[in-house]
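Read the structure below first, then the notes.
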Amino acid sequence: MRRVFFEGTTVDDLKAYMGPFAERLGYKFNTEIEFVDEVLESELVVLERDGDVYCPCRVRVGDPKEDLKIVCPCIPFYLDEFAALRKCWCGLFIREDVEDGADLIGVIEQPEPGTQVDVPVCLVEDLQPGTARHVKVGKVDLAVVRVGEEVFALSNVCRHAFAPLDEGFVDGYALVCPWHGWRYDVRDGTTDHPNADVRTFPAMIRNGEVLVTVPLGRAR
Ligand code: FES
């Protein structure tokens with residue numbers, strides 16, 4: 001996706017290039033237009049000085065490979081972090097479902113790998129009791145399951161032949177695989193097949209949303 005911007009690049013050029021790219025990843029520009037324009041103006045200064053649109057709120061380390069990870073929009077490199085924050089480091093980009101980005105402005109430091117974060121994955125009303133749905137947190141596919149008023153999250157990939165578990169059905173606390181019927185206990189991911197348990201993640205309901213707690217980055 002790397003692109004060298006031509007001389008005379010404007011804020012509108014950056015918007016035209018970055019907008020559709022961010023959109024494909026589920027993000028959009030902050031709803032605070034003035035803030036967006038200010039950040040993009042700073043990126044043009046950085047472009048002039050350093051040759052690329054490095055995020056103005058990040059520090060370059062001098063290693064081209066590492067520095068590539070802070071060329072704006074850097075969303076693909078920080079999928080977990082941004083999913084948890086609902087925004088990129090400075091709030092230039094926010095998740096597409098955020099209506100008002102005013103509260104999401106402000107530079108965030110990068111959390112240590114392994115830090116636990118609560119990622120909003122869906123509205124409770126979109127997860128009826130006795131159902132499961134697929135969500136993606138960063139690069140990981142999860143099945144989020146509702147049993148009564150409790151919610152659970154576990155790997156969405158069956159350990160038998162890799163079926164998507166969310167396409168199965170919920171039977172009490174069991175999520176039953178759609179292909180050959182293996183049963184996974186949504187509370188701890190266990191099955192009655194040896195060495196075939198799936199990983200679970202803490203899940204909770206807060207303010208009408210379902211959140212899943214995941215450790216960030218390489219430590220997962
Ligand atoms: S793929 Fe899940 S039971 Fe066979």
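The way I read the labels, and the way they are meant: chains A, B, ... in the order of the structure tokens, residue 1 as the first residue of every chain, and ligand 1 as the first ligand shown, with later ones counted on from there.
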Using backbone DSSP assignments, extract all alpha helix (DSSP H) residues from region 24-200 of chain A; output them as a PyMOL selection string. chain A and resi 24+33-50+64-67+79-85
Could you list, as a PyMOL selection string, every residue within 8 Å of region 73-89 of chain A, counting only C-alpha atoms and ignoring same-chain residues fewer than 6 positions away? chain A and resi 18+22+25+55+57+95+98+104+106-111+117-120+137-139+216-217
Output of the above residues as a short mmCIF file (atom, residue, chain, number, x, y, z; two decimals), in the first residue's frame, restricted to N, CA, C and O atoms:
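The file below, part.cif, is the result:
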data_model
loop_
_atom_site.label_atom_id
_atom_site.label_comp_id
_atom_site.auth_asym_id
_atom_site.auth_seq_id
_atom_site.Cartn_x
_atom_site.Cartn_y
_atom_site.Cartn_z
N MET A 18 -6.73 8.41 1.66
CA MET A 18 -6.86 7.67 2.92
C MET A 18 -8.29 7.23 3.23
O MET A 18 -8.51 6.19 3.85
N ALA A 22 -9.20 3.54 4.62
CA ALA A 22 -9.68 3.34 6.00
C ALA A 22 -11.05 2.67 5.99
O ALA A 22 -11.33 1.79 6.82
N LEU A 25 -11.29 -0.95 5.98
CA LEU A 25 -10.89 -1.57 7.25
C LEU A 25 -11.88 -1.28 8.36
O LEU A 25 -11.65 -1.60 9.53
N CYS A 55 2.68 9.31 10.89
CA CYS A 55 1.73 9.84 11.87
C CYS A 55 2.44 10.95 12.66
O CYS A 55 3.51 10.69 13.24
N CYS A 57 1.88 12.07 15.46
CA CYS A 57 1.92 11.86 16.91
C CYS A 57 2.87 10.71 17.30
O CYS A 57 2.94 10.33 18.46
N ARG A 95 -13.71 4.27 14.46
CA ARG A 95 -14.49 3.15 13.91
C ARG A 95 -15.74 3.67 13.23
O ARG A 95 -16.33 4.65 13.68
N VAL A 98 -18.90 4.70 15.21
CA VAL A 98 -18.90 5.80 16.19
C VAL A 98 -19.55 7.01 15.53
O VAL A 98 -19.10 7.47 14.48
N LEU A 104 -13.02 11.14 21.19
CA LEU A 104 -11.96 10.19 20.85
C LEU A 104 -10.69 10.89 20.35
O LEU A 104 -9.80 10.26 19.82
N GLY A 106 -7.21 12.71 20.93
CA GLY A 106 -6.18 12.71 21.98
C GLY A 106 -5.18 11.61 21.73
O GLY A 106 -5.56 10.49 21.38
N VAL A 107 -3.92 11.92 21.88
CA VAL A 107 -2.86 10.97 21.55
C VAL A 107 -2.75 9.90 22.64
O VAL A 107 -2.71 10.20 23.82
N ILE A 108 -2.70 8.66 22.21
CA ILE A 108 -2.57 7.52 23.13
C ILE A 108 -1.21 6.87 22.89
O ILE A 108 -0.82 6.66 21.75
N GLU A 109 -0.54 6.52 23.96
CA GLU A 109 0.72 5.78 23.80
C GLU A 109 0.40 4.32 23.51
O GLU A 109 -0.65 3.82 23.89
N GLN A 110 1.33 3.65 22.89
CA GLN A 110 1.10 2.24 22.54
C GLN A 110 1.19 1.37 23.78
O GLN A 110 2.21 1.39 24.48
N PRO A 111 0.15 0.60 24.08
CA PRO A 111 0.23 -0.29 25.25
C PRO A 111 1.24 -1.42 25.01
O PRO A 111 1.51 -1.78 23.87
N VAL A 117 -7.20 -5.66 26.99
CA VAL A 117 -8.10 -4.57 26.60
C VAL A 117 -9.50 -5.12 26.36
O VAL A 117 -9.67 -6.27 25.94
N ASP A 118 -10.49 -4.30 26.65
CA ASP A 118 -11.88 -4.69 26.43
C ASP A 118 -12.33 -4.15 25.07
O ASP A 118 -12.39 -2.94 24.88
N VAL A 119 -12.62 -5.05 24.16
CA VAL A 119 -12.98 -4.65 22.80
C VAL A 119 -14.50 -4.79 22.62
O VAL A 119 -15.05 -5.87 22.79
N PRO A 120 -15.19 -3.67 22.28
CA PRO A 120 -16.62 -3.79 22.00
C PRO A 120 -16.84 -4.55 20.69
O PRO A 120 -16.20 -4.22 19.69
N VAL A 137 -11.73 -9.92 16.17
CA VAL A 137 -11.01 -8.97 17.02
C VAL A 137 -9.56 -9.00 16.54
O VAL A 137 -8.87 -10.00 16.68
N GLY A 138 -9.13 -7.89 15.94
CA GLY A 138 -7.82 -7.92 15.30
C GLY A 138 -7.85 -8.97 14.22
O GLY A 138 -8.71 -8.96 13.35
N LYS A 139 -6.95 -9.96 14.32
CA LYS A 139 -6.92 -11.00 13.29
C LYS A 139 -7.59 -12.28 13.76
O LYS A 139 -7.57 -13.29 13.08
N LEU A 216 -3.25 -7.82 24.04
CA LEU A 216 -2.80 -7.19 22.81
C LEU A 216 -1.58 -7.84 22.18
O LEU A 216 -0.70 -8.31 22.88
N GLY A 217 -1.55 -7.81 20.86
CA GLY A 217 -0.34 -8.05 20.10
C GLY A 217 0.26 -9.43 20.25
O GLY A 217 -0.45 -10.41 20.37
#
Which residue gives the smallest distance to Asp197 (chain A) among A:Arg49, A:His160, A:His180, A:Lys15, with only C-alpha atoms counted?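 Using only C-alpha atoms, Asp197 (chain A) sits closest to A:His160.
Selecting all polymer residues at most 10 Å from ligand 1, using only C-alpha atoms and all ligand atoms, gives Val157, Cys158, Arg159, His160, Ala161, Phe162, Ala163, Pro164, Leu165, Gly168, Val176, Cys177, Pro178, Trp179, His180, Gly181, Trp182, Arg183 and Tyr184 of chain A.
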Residues near region 30-43 of chain A, cut-off 10 Å, only C-alpha atoms, skip fewer than 4 positions along chain, as number ranges by chain: A: 10-15, 47-50, 52-57, 71-72, 87-88, 90-96, 98-105
Run DSSP on the backbone and tell me which residues of region 52-209 of chain A come out as strand (DSSP E); list them as an MDAnalysis selection string. chainID A and resid 93:95 116:123 131:137 140:147 150:155 169:171 174:176 183:185 200:201 203:206 209
